file structure_9.cif (mmCIF, C-alpha atoms and all ligand atoms)
data_entry
#
loop_
_atom_site.label_atom_id
_atom_site.label_comp_id
_atom_site.auth_asym_id
_atom_site.auth_seq_id
_atom_site.Cartn_x
_atom_site.Cartn_y
_atom_site.Cartn_z
CA MET A 1165 -16.53 -73.03 40.98
CA SER A 1166 -13.13 -74.35 39.83
CA VAL A 1167 -10.24 -71.91 39.47
CA THR A 1168 -10.10 -72.46 35.70
CA GLY A 1169 -13.86 -71.83 35.50
CA ARG A 1170 -13.36 -68.54 37.26
CA ILE A 1171 -10.52 -67.65 34.95
CA GLU A 1172 -12.76 -68.27 31.92
CA GLU A 1173 -15.41 -66.04 33.50
CA VAL A 1174 -12.95 -63.21 34.20
CA LYS A 1175 -11.61 -63.56 30.68
CA SER A 1176 -15.00 -63.20 29.02
CA GLU A 1177 -15.84 -60.31 31.28
CA ALA A 1178 -12.53 -58.62 30.27
CA LEU A 1179 -13.11 -59.26 26.56
CA ARG A 1180 -16.59 -57.72 26.80
CA ALA A 1181 -15.15 -54.66 28.56
CA VAL A 1182 -12.47 -54.28 25.90
CA ALA A 1183 -14.96 -54.65 23.09
CA GLY A 1184 -17.27 -52.11 24.71
CA ALA A 1185 -14.62 -49.46 25.41
CA GLY A 1186 -15.50 -46.27 23.54
CA SER A 1187 -12.23 -44.40 23.92
CA THR A 1188 -8.55 -45.01 24.50
CA ALA A 1189 -9.07 -43.75 28.09
CA GLU A 1190 -11.73 -46.41 28.76
CA LEU A 1191 -9.43 -49.04 27.26
CA GLU A 1192 -6.65 -48.05 29.64
CA ASN A 1193 -9.07 -48.46 32.57
CA ALA A 1194 -9.93 -51.95 31.34
CA ARG A 1195 -6.24 -52.84 31.04
CA VAL A 1196 -5.58 -51.79 34.63
CA LYS A 1197 -8.66 -53.60 35.90
CA TYR A 1198 -8.00 -56.97 34.15
CA LEU A 1199 -4.22 -57.12 33.75
CA GLY A 1200 -2.92 -54.64 36.33
CA ARG A 1201 -1.08 -55.39 39.55
CA SER A 1202 -4.25 -55.82 41.63
CA ALA A 1203 -6.29 -57.55 38.91
CA GLU A 1204 -8.04 -60.81 39.87
CA LEU A 1205 -6.14 -62.72 37.20
CA THR A 1206 -2.84 -61.44 38.55
CA ASP A 1207 -3.82 -62.62 42.05
CA ILE A 1208 -4.73 -66.05 40.70
CA LYS A 1209 -1.34 -66.38 38.98
CA LYS A 1210 0.46 -65.34 42.15
CA SER A 1211 -1.33 -68.00 44.19
CA ILE A 1212 -0.69 -70.91 41.80
CA GLY A 1213 2.04 -72.11 44.16
CA LYS A 1214 -0.53 -72.71 46.88
CA LEU A 1215 -2.71 -74.96 44.70
CA PRO A 1216 -2.54 -78.77 44.87
CA PRO A 1217 0.38 -79.81 42.65
CA GLU A 1218 -1.82 -81.70 40.15
CA ASP A 1219 -3.85 -78.50 39.39
CA ARG A 1220 -0.93 -76.08 39.08
CA LYS A 1221 0.00 -76.85 35.48
CA GLU A 1222 -3.54 -76.54 34.13
CA VAL A 1223 -4.33 -73.33 36.04
CA GLY A 1224 -1.03 -71.84 34.88
CA ARG A 1225 -1.78 -72.69 31.27
CA VAL A 1226 -5.37 -71.44 31.34
CA SER A 1227 -4.43 -68.21 33.07
CA ASN A 1228 -1.59 -67.50 30.58
CA VAL A 1229 -3.92 -68.12 27.64
CA ALA A 1230 -6.45 -65.75 29.24
CA SER A 1231 -3.80 -63.03 29.72
CA ARG A 1232 -2.61 -63.34 26.14
CA GLU A 1233 -6.13 -63.23 24.75
CA ILE A 1234 -6.98 -60.13 26.78
CA GLU A 1235 -3.71 -58.49 25.74
CA SER A 1236 -4.24 -59.12 22.08
CA ALA A 1237 -7.85 -57.94 22.32
CA LEU A 1238 -6.57 -54.76 23.98
CA ALA A 1239 -3.95 -54.26 21.30
CA SER A 1240 -6.32 -54.56 18.38
CA ARG A 1241 -9.01 -52.48 20.09
CA THR A 1242 -6.39 -49.77 20.81
CA LYS A 1243 -5.42 -49.72 17.17
CA ALA A 1244 -9.03 -49.52 16.02
CA LEU A 1245 -9.91 -46.75 18.47
CA ALA A 1246 -6.82 -44.73 17.65
CA ALA A 1247 -7.67 -44.96 13.96
CA ALA A 1248 -11.27 -43.89 14.65
CA GLU A 1249 -10.14 -40.98 16.77
CA ARG A 1250 -7.69 -39.87 14.10
CA GLU A 1251 -10.42 -40.19 11.51
CA ALA A 1252 -12.76 -38.03 13.60
CA ARG A 1253 -10.10 -35.37 14.12
CA LEU A 1254 -9.34 -35.23 10.42
CA ARG A 1255 -13.00 -34.87 9.60
CA GLU A 1256 -13.34 -32.07 12.13
CA GLU A 1257 -10.28 -30.20 10.89
CA ALA A 1258 -11.02 -30.68 7.22
CA VAL A 1259 -10.97 -27.54 5.06
CA ASP A 1260 -13.45 -27.29 2.22
CA VAL A 1261 -11.30 -25.84 -0.50
CA THR A 1262 -14.33 -25.36 -2.72
CA LEU A 1263 -15.84 -22.72 -0.36
CA PRO A 1264 -15.51 -19.15 -1.64
CA GLY A 1265 -12.66 -17.22 0.04
CA VAL A 1266 -12.98 -14.17 2.27
CA PRO A 1267 -12.70 -11.18 -0.06
CA TYR A 1268 -9.75 -8.89 0.71
CA PRO A 1269 -10.77 -5.22 0.67
CA LYS A 1270 -9.41 -3.36 -2.34
CA GLY A 1271 -7.95 0.12 -2.08
CA HIS A 1272 -8.49 3.04 -4.42
CA LEU A 1273 -6.09 5.48 -6.01
CA HIS A 1274 -6.43 8.95 -4.52
CA PRO A 1275 -7.81 11.44 -7.09
CA THR A 1276 -4.61 13.51 -6.86
CA LEU A 1277 -2.49 10.44 -7.50
CA ARG A 1278 -4.59 9.60 -10.56
CA VAL A 1279 -3.92 13.02 -12.04
CA ILE A 1280 -0.22 12.76 -11.17
CA ASP A 1281 -0.04 9.36 -12.90
CA GLU A 1282 -1.75 10.69 -16.02
CA VAL A 1283 0.53 13.73 -16.26
CA VAL A 1284 3.71 11.79 -15.52
CA ASP A 1285 2.75 9.03 -17.98
CA PHE A 1286 2.21 11.66 -20.65
CA PHE A 1287 5.67 13.18 -20.18
CA VAL A 1288 7.42 9.83 -19.85
CA GLY A 1289 5.83 8.99 -23.21
CA LEU A 1290 7.56 12.08 -24.66
CA GLY A 1291 10.92 10.88 -23.32
CA TYR A 1292 11.05 12.92 -20.11
CA ARG A 1293 12.75 11.39 -17.06
CA VAL A 1294 11.12 11.47 -13.60
CA ALA A 1295 13.20 13.37 -11.00
CA GLU A 1296 12.66 14.00 -7.30
CA GLY A 1297 14.08 16.22 -4.59
CA PRO A 1298 13.90 16.69 -0.80
CA GLU A 1299 10.88 18.27 0.88
CA ALA A 1300 13.11 19.95 3.48
CA GLU A 1301 15.05 22.16 1.11
CA THR A 1302 17.80 24.73 1.50
CA ASP A 1303 17.03 28.39 1.10
CA TYR A 1304 19.51 28.40 -1.78
CA TYR A 1305 17.68 25.85 -3.95
CA ASN A 1306 14.19 27.02 -3.03
CA PHE A 1307 14.87 30.73 -3.64
CA THR A 1308 18.35 32.12 -4.33
CA ALA A 1309 19.33 29.85 -7.22
CA LEU A 1310 15.92 30.53 -8.77
CA ASN A 1311 16.73 34.22 -9.06
CA ILE A 1312 14.96 35.11 -5.79
CA PRO A 1313 17.82 36.54 -3.69
CA PRO A 1314 17.55 37.19 0.07
CA GLY A 1315 15.37 40.22 0.73
CA HIS A 1316 13.63 40.09 -2.64
CA PRO A 1317 9.89 40.91 -2.36
CA ALA A 1318 8.98 37.81 -4.46
CA ARG A 1319 9.86 35.72 -1.39
CA SER A 1320 6.87 37.03 0.52
CA GLU A 1321 4.50 35.45 -2.04
CA HIS A 1322 5.53 32.03 -0.85
CA ASP A 1323 4.12 31.90 2.73
CA THR A 1324 7.11 29.81 3.69
CA PHE A 1325 7.41 27.34 6.58
CA PHE A 1326 10.90 27.88 7.96
CA LEU A 1327 12.85 25.02 9.57
CA ASP A 1328 16.11 25.19 11.55
CA GLU A 1329 19.57 25.61 10.02
CA GLY A 1330 18.54 27.60 6.97
CA LEU A 1331 16.14 24.92 5.74
CA VAL A 1332 12.58 25.51 4.57
CA LEU A 1333 9.75 23.19 3.62
CA ARG A 1334 9.97 23.66 -0.13
CA THR A 1335 7.30 26.06 -1.33
CA HIS A 1336 7.33 24.64 -4.88
CA THR A 1337 8.99 21.85 -6.87
CA SER A 1338 11.12 24.38 -8.80
CA PRO A 1339 14.25 23.74 -6.65
CA VAL A 1340 14.45 20.34 -8.40
CA GLN A 1341 15.08 22.28 -11.64
CA ILE A 1342 18.34 23.50 -10.10
CA ARG A 1343 19.27 20.12 -8.61
CA THR A 1344 18.68 18.41 -11.95
CA MET A 1345 20.68 20.91 -14.00
CA LEU A 1346 23.60 20.73 -11.56
CA GLU A 1347 23.70 16.94 -11.99
CA GLY A 1348 24.71 17.04 -15.64
CA GLU A 1349 24.82 18.73 -18.99
CA PRO A 1350 21.96 19.62 -21.34
CA PRO A 1351 19.81 18.37 -22.95
CA VAL A 1352 17.56 18.03 -19.89
CA TYR A 1353 13.98 16.75 -19.98
CA VAL A 1354 12.49 16.03 -16.55
CA VAL A 1355 9.10 15.86 -14.89
CA VAL A 1356 9.03 16.22 -11.09
CA PRO A 1357 5.98 15.24 -9.01
CA GLY A 1358 6.12 15.99 -5.30
CA ARG A 1359 4.74 17.52 -2.12
CA THR A 1360 5.05 21.24 -1.44
CA TYR A 1361 4.14 23.43 1.54
CA ARG A 1362 2.79 26.91 2.18
CA ARG A 1363 1.17 28.55 5.21
CA ASP A 1364 -2.31 28.70 3.77
CA SER A 1365 -5.62 26.99 4.54
CA ASP A 1366 -9.03 27.63 2.96
CA PRO A 1367 -11.35 25.75 0.54
CA THR A 1368 -8.79 26.00 -2.29
CA HIS A 1369 -5.53 25.98 -0.29
CA THR A 1370 -4.03 23.41 2.06
CA PRO A 1371 -0.70 23.75 3.91
CA MET A 1372 0.56 20.66 2.07
CA PHE A 1373 -0.28 20.35 -1.60
CA HIS A 1374 1.24 18.75 -4.68
CA GLN A 1375 3.02 20.13 -7.67
CA ILE A 1376 4.35 18.67 -10.87
CA GLU A 1377 7.30 20.53 -12.25
CA GLY A 1378 8.61 20.19 -15.78
CA LEU A 1379 11.88 21.36 -17.25
CA ALA A 1380 13.27 21.14 -20.76
CA VAL A 1381 16.64 22.62 -21.68
CA ASP A 1382 18.07 22.10 -25.14
CA ARG A 1383 19.27 23.95 -28.22
CA GLY A 1384 16.56 25.98 -29.97
CA LEU A 1385 13.63 25.55 -27.57
CA THR A 1386 11.02 28.32 -27.85
CA LEU A 1387 7.76 29.39 -26.27
CA ALA A 1388 5.99 27.59 -29.12
CA HIS A 1389 7.43 24.26 -27.88
CA LEU A 1390 6.21 25.10 -24.39
CA LYS A 1391 2.69 25.87 -25.58
CA GLY A 1392 2.44 22.83 -27.85
CA THR A 1393 3.74 20.48 -25.15
CA LEU A 1394 1.39 21.78 -22.47
CA ALA A 1395 -1.63 21.85 -24.78
CA ALA A 1396 -1.05 18.18 -25.61
CA MET A 1397 -0.69 17.38 -21.89
CA ALA A 1398 -3.94 19.22 -21.02
CA ARG A 1399 -5.85 17.35 -23.73
CA HIS A 1400 -4.42 14.06 -22.51
CA VAL A 1401 -5.71 14.72 -18.98
CA PHE A 1402 -8.94 16.65 -19.60
CA GLY A 1403 -10.12 15.73 -23.07
CA GLU A 1404 -9.37 16.01 -26.78
CA GLY A 1405 -10.29 19.19 -28.63
CA LEU A 1406 -9.80 21.55 -25.69
CA LYS A 1407 -8.14 24.91 -26.33
CA VAL A 1408 -5.37 26.52 -24.30
CA ARG A 1409 -4.36 30.16 -24.04
CA LEU A 1410 -1.33 31.86 -22.55
CA ARG A 1411 -1.51 35.03 -20.48
CA PRO A 1412 1.43 36.98 -19.14
CA GLY A 1413 2.44 35.72 -15.71
CA TYR A 1414 5.20 36.63 -13.30
CA PHE A 1415 7.72 34.21 -11.83
CA GLN A 1416 11.27 35.29 -10.94
CA PHE A 1417 12.94 32.31 -12.62
CA VAL A 1418 11.33 32.53 -16.07
CA GLU A 1419 11.41 35.24 -18.73
CA PRO A 1420 8.93 35.63 -20.27
CA GLY A 1421 6.56 34.09 -17.74
CA VAL A 1422 3.07 32.87 -18.59
CA GLU A 1423 -0.01 31.40 -17.04
CA MET A 1424 -1.87 28.87 -19.08
CA ASP A 1425 -5.66 28.55 -19.17
CA LEU A 1426 -7.66 25.61 -20.47
CA SER A 1427 -11.03 26.13 -22.18
CA CYS A 1428 -13.76 24.91 -19.84
CA PHE A 1429 -14.19 21.22 -20.54
CA VAL A 1430 -17.72 21.30 -19.10
CA CYS A 1431 -19.39 24.24 -20.93
CA ASP A 1432 -16.69 25.50 -23.34
CA GLY A 1433 -17.71 29.05 -22.43
CA THR A 1434 -21.38 28.62 -23.33
CA ASP A 1435 -22.89 28.57 -19.81
CA PRO A 1436 -22.75 31.79 -17.75
CA ASN A 1437 -23.77 29.74 -14.69
CA CYS A 1438 -21.23 26.92 -15.21
CA LYS A 1439 -20.18 25.52 -11.84
CA VAL A 1440 -16.67 24.65 -13.01
CA CYS A 1441 -15.52 27.86 -14.78
CA LYS A 1442 -18.06 30.22 -13.13
CA GLY A 1443 -18.99 31.51 -16.58
CA ALA A 1444 -15.45 32.54 -17.49
CA GLY A 1445 -15.10 29.84 -20.16
CA TRP A 1446 -11.47 29.32 -19.11
CA LEU A 1447 -9.77 27.50 -16.25
CA GLU A 1448 -6.41 28.55 -14.80
CA MET A 1449 -4.09 25.59 -15.25
CA LEU A 1450 -0.48 26.35 -14.47
CA GLY A 1451 2.48 28.72 -14.40
CA ALA A 1452 5.27 28.43 -16.92
CA GLY A 1453 7.82 30.30 -18.97
CA MET A 1454 11.20 30.30 -20.65
CA VAL A 1455 14.00 29.58 -18.17
CA ASP A 1456 15.56 32.90 -17.16
CA PRO A 1457 19.13 33.25 -18.49
CA ALA A 1458 20.22 34.17 -14.96
CA VAL A 1459 19.11 30.68 -13.79
CA LEU A 1460 20.97 28.95 -16.62
CA GLU A 1461 24.12 30.90 -15.71
CA GLU A 1462 23.72 29.99 -12.05
CA VAL A 1463 24.04 26.26 -12.92
CA GLY A 1464 26.83 26.83 -15.45
CA TYR A 1465 24.81 26.41 -18.67
CA ASP A 1466 25.58 28.85 -21.49
CA PRO A 1467 22.40 30.90 -22.13
CA GLU A 1468 23.76 31.83 -25.60
CA GLU A 1469 23.79 28.17 -26.59
CA TYR A 1470 20.82 26.74 -24.68
CA THR A 1471 17.27 27.80 -23.98
CA GLY A 1472 14.67 26.04 -21.92
CA PHE A 1473 11.15 26.11 -20.71
CA ALA A 1474 9.72 25.22 -17.32
CA PHE A 1475 6.25 24.76 -15.94
CA GLY A 1476 4.63 23.99 -12.62
CA MET A 1477 1.10 22.73 -12.10
CA GLY A 1478 -1.08 21.71 -9.14
CA PRO A 1479 -2.51 18.21 -9.53
CA ASP A 1480 -4.79 18.68 -6.48
CA ARG A 1481 -6.48 21.64 -8.19
CA MET A 1482 -6.58 19.73 -11.45
CA ALA A 1483 -8.31 16.82 -9.69
CA MET A 1484 -10.82 19.23 -8.08
CA VAL A 1485 -11.72 20.55 -11.51
CA LYS A 1486 -11.67 17.16 -13.23
CA TYR A 1487 -13.84 15.42 -10.62
CA GLY A 1488 -15.95 18.40 -9.49
CA ILE A 1489 -14.77 18.46 -5.87
CA PRO A 1490 -15.67 21.73 -4.09
CA ASP A 1491 -13.21 21.73 -1.18
CA LEU A 1492 -9.52 20.87 -1.44
CA ARG A 1493 -9.36 19.97 2.23
CA MET A 1494 -11.51 16.88 1.58
CA PHE A 1495 -8.51 15.41 -0.26
CA PHE A 1496 -6.45 15.13 2.89
CA GLU A 1497 -9.01 14.14 5.53
CA GLY A 1498 -8.68 10.44 4.70
CA ASP A 1499 -12.45 9.89 4.83
CA LEU A 1500 -13.09 6.60 3.04
CA ARG A 1501 -16.61 7.69 2.03
CA PHE A 1502 -14.98 10.45 0.02
CA LEU A 1503 -12.24 8.28 -1.47
CA LYS A 1504 -14.59 5.42 -2.41
CA GLN A 1505 -16.36 7.61 -4.96
CA PHE A 1506 -13.41 7.42 -7.33
N1 LIG A 1601 7.03 27.33 -9.06
C1 LIG A 1601 5.93 28.15 -9.51
C2 LIG A 1601 4.89 28.19 -8.40
O1 LIG A 1601 4.93 27.42 -7.48
C3 LIG A 1601 5.29 27.59 -10.76
C4 LIG A 1601 6.20 27.66 -11.94
C5 LIG A 1601 7.06 26.61 -12.22
C6 LIG A 1601 6.21 28.78 -12.75
C7 LIG A 1601 7.87 26.68 -13.33
C8 LIG A 1601 7.04 28.86 -13.84
C9 LIG A 1601 7.86 27.81 -14.13
O2 LIG A 1601 4.00 29.00 -8.41
#

call {"tool": "encode", "arguments": {"input": "structure_9.cif", "output": "structure tokens"}}
result
Amino acid sequence: MSVTGRIEEVKSEALRAVAGAGSTAELENARVKYLGRSAELTDIKKSIGKLPPEDRKEVGRVSNVASREIESALASRTKALAAAEREARLREEAVDVTLPGVPYPKGHLHPTLRVIDEVVDFFVGLGYRVAEGPEAETDYYNFTALNIPPGHPARSEHDTFFLDEGLVLRTHTSPVQIRTMLEGEPPVYVVVPGRTYRRDSDPTHTPMFHQIEGLAVDRGLTLAHLKGTLAAMARHVFGEGLKVRLRPGYFQFVEPGVEMDLSCFVCDGTDPNCKVCKGAGWLEMLGAGMVDPAVLEEVGYDPEEYTGFAFGMGPDRMAMVKYGIPDLRMFFEGDLRFLKQF
């Protein structure tokens, strides 16, 4: 066979290989095989000088045409394959934006927090300001300034956790009364939610529990204002139409001191076997009273000019009653099966 005939044969073989290549890797193999340094066509070109002079021109021309044709076939096949591969990758990586998303789990408000929110919202609606104080409190704010001097027997009621350097874990939110009054002049209207601590643990006591303190100091405040305010708060949280009653209560920093009961919102005193009030018809709600003049003097307020009332309630207990939860300790175990019920 003539050299040019062979070239035509190699060329068509190369073009078939290029056309049949299924990937860019196969194309590269074909390029090496038909145009590379040891390709047959390359050898032919190198040996043109050894051919009879009258053939050289024609063989040179035919072999150049063959090279160019193979090259351009390679180029367009490379382009086509690259586009196909890109297409395939895009299809594989495509995101179907119409598919439903993965739902993100929703949390729940803790029952205590719900009661705190309801109480605080109520007082903010009356124009009270929210105040806070530290949980590691000085002996002075927790006791002495509240008319409970060192050595006074009222201290023993508090089952205090003592820290170093004269600090205690506050046993109630009442120290924030003192902090608030020292910050400025009357009138004062604050509500103080927070954590409190006492060495106590049984179905109705936990070492950490919550309190919401309230303090109002102004000209002309009386026990009637205290009762009306707290009755409205109790109805807001537990239900319209409920009755409240005051009983004498003892707290060092109020005079007179009271405890407030709420008529049972489940049986209203009609069921001797009521699970919530145990047949009493009343539920203990909170401690309160008129701010003791000794406390007003301690913060530099004139007790002849100003009077005030204060109250402290336990939102954990309130949540137990409101949601019928038998054991306070369940509130702090973090068991999701418990929390999901609210
Ligand atoms: N601090 C009291 C307690 O923890 C409650 C209270 C607050 C009583 C304000 C009267 C006035 O028991």

call {"tool": "atom_distance", "arguments": {"input": "structure_9.cif", "atom1": "CA of Leu1390 (chain A)", "atom2": "CA of Glu1419 (chain A)"}}
result
12.7 Å

call {"tool": "residues_near_ligand", "arguments": {"input": "structure_9.cif", "ligand": "ligand LIG 1601 (chain A)", "cutoff": "7 Å", "atoms": "all atoms listed in the file", "output": "list in words"}}
result
Thr1335, His1336, Thr1337, Ser1338, Glu1377, Gly1378, Phe1415, Phe1417, Val1418, Gly1421, Leu1450, Gly1451, Ala1452, Gly1453, Ala1474, Phe1475, Gly1476 and Met1477 of chain A

call {"tool": "closest_residue", "arguments": {"input": "structure_9.cif", "among": "A:Arg1362, A:Lys1486, A:Lys1209, A:Arg1253", "to": "Phe1506 (chain A)", "atoms": "only C-alpha atoms"}}
result
A:Lys1486

call {"tool": "closest_residue", "arguments": {"input": "structure_9.cif", "among": "A:Met1454, A:Ile1342, A:Ile1212, A:Ala1300", "to": "Phe1326 (chain A)", "atoms": "only C-alpha atoms"}}
result
A:Ala1300

call {"tool": "closest_residue", "arguments": {"input": "structure_9.cif", "among": "A:Gly1315, A:Leu1277, A:Arg1241, A:Cys1441", "to": "Glu1190 (chain A)", "atoms": "only C-alpha atoms"}}
result
A:Arg1241

call {"tool": "atom_distance", "arguments": {"input": "structure_9.cif", "atom1": "CA of Thr1434 (chain A)", "atom2": "CA of Thr1393 (chain A)"}}
result
26.5 Å

call {"tool": "atom_distance", "arguments": {"input": "structure_9.cif", "atom1": "CA of Thr1471 (chain A)", "atom2": "CA of Asp1382 (chain A)"}}
result
5.9 Å

call {"tool": "residues_around", "arguments": {"input": "structure_9.cif", "residues": "Pro1313 (chain A)", "least_positions_apart": "5", "cutoff": "12 Å", "atoms": "only C-alpha atoms", "output": "VMD selection string"}}
result
chain A and resid 1303 to 1308 1318 to 1320 1416 to 1417 1458 to 1459

call {"tool": "closest_residue", "arguments": {"input": "structure_9.cif", "among": "A:Pro1317, A:Gly1186, A:Gly1297, A:Pro1367", "to": "Arg1343 (chain A)", "atoms": "all atoms listed in the file"}}
result
A:Gly1297

call {"tool": "residues_near_point", "arguments": {"input": "structure_9.cif", "point": "(-20.2, 24.1, -24.2)", "cutoff": "12 Å", "atoms": "only C-alpha atoms", "output": "PyMOL selection string"}}
result
chain A and resi 1405-1406+1427-1438+1440-1441+1443-1446

call {"tool": "residues_around", "arguments": {"input": "structure_9.cif", "residues": "Leu1394 (chain A)", "least_positions_apart": "5", "cutoff": "9 Å", "atoms": "only C-alpha atoms", "output": "tab-separated table (two decimals) with C-alpha atoms, in the coordinates of the input"}}
result
chain	number	residue	atom	x	y	z
A	1389	HIS	CA	7.43	24.26	-27.88
A	1399	ARG	CA	-5.85	17.35	-23.73
A	1408	VAL	CA	-5.37	26.52	-24.30
A	1424	MET	CA	-1.87	28.87	-19.08
A	1475	PHE	CA	6.25	24.76	-15.94

call {"tool": "residues_around", "arguments": {"input": "structure_9.cif", "residues": "Arg1180 (chain A)", "least_positions_apart": "6", "cutoff": "10 Å", "atoms": "all atoms listed in the file", "output": "list in words"}}
result
Val1174, Ala1194, Ile1234 and Ala1237 of chain A

call {"tool": "residues_around", "arguments": {"input": "structure_9.cif", "residues": "His1400 (chain A)", "least_positions_apart": "6", "cutoff": "8 Å", "atoms": "all atoms listed in the file", "output": "list of chain:residue names"}}
result
A:Glu1282, A:Val1283, A:Phe1286

call {"tool": "closest_residue", "arguments": {"input": "structure_9.cif", "among": "A:Lys1407, A:Lys1442, A:Arg1481, A:Lys1221", "to": "Ile1376 (chain A)", "atoms": "all atoms listed in the file"}}
result
A:Arg1481

call {"tool": "residues_around", "arguments": {"input": "structure_9.cif", "residues": "Ser1166 (chain A)", "least_positions_apart": "4", "cutoff": "12 Å", "atoms": "all atoms listed in the file", "output": "list in words"}}
result
Arg1170, Ile1171, Glu1172, Glu1173, Ile1208, Leu1215, Asp1219, Glu1222, Val1223 and Val1226 of chain A

call {"tool": "write_last_selection", "arguments": {"input": "structure_9.cif", "atoms": "C-alpha atoms", "output": "PDB file, in the frame of the given file"}}
result
ATOM      1  CA  ARG A1170     -13.360 -68.540  37.260  1.00  0.00           C
ATOM      2  CA  ILE A1171     -10.520 -67.650  34.950  1.00  0.00           C
ATOM      3  CA  GLU A1172     -12.760 -68.270  31.920  1.00  0.00           C
ATOM      4  CA  GLU A1173     -15.410 -66.040  33.500  1.00  0.00           C
ATOM      5  CA  ILE A1208      -4.730 -66.050  40.700  1.00  0.00           C
ATOM      6  CA  LEU A1215      -2.710 -74.960  44.700  1.00  0.00           C
ATOM      7  CA  ASP A1219      -3.850 -78.500  39.390  1.00  0.00           C
ATOM      8  CA  GLU A1222      -3.540 -76.540  34.130  1.00  0.00           C
ATOM      9  CA  VAL A1223      -4.330 -73.330  36.040  1.00  0.00           C
ATOM     10  CA  VAL A1226      -5.370 -71.440  31.340  1.00  0.00           C
TER      11      VAL A1226
END

call {"tool": "closest_residue", "arguments": {"input": "structure_9.cif", "among": "A:Gly1392, A:Pro1298, A:Gly1472, A:Pro1275", "to": "Ala1380 (chain A)", "atoms": "only C-alpha atoms"}}
result
A:Gly1472
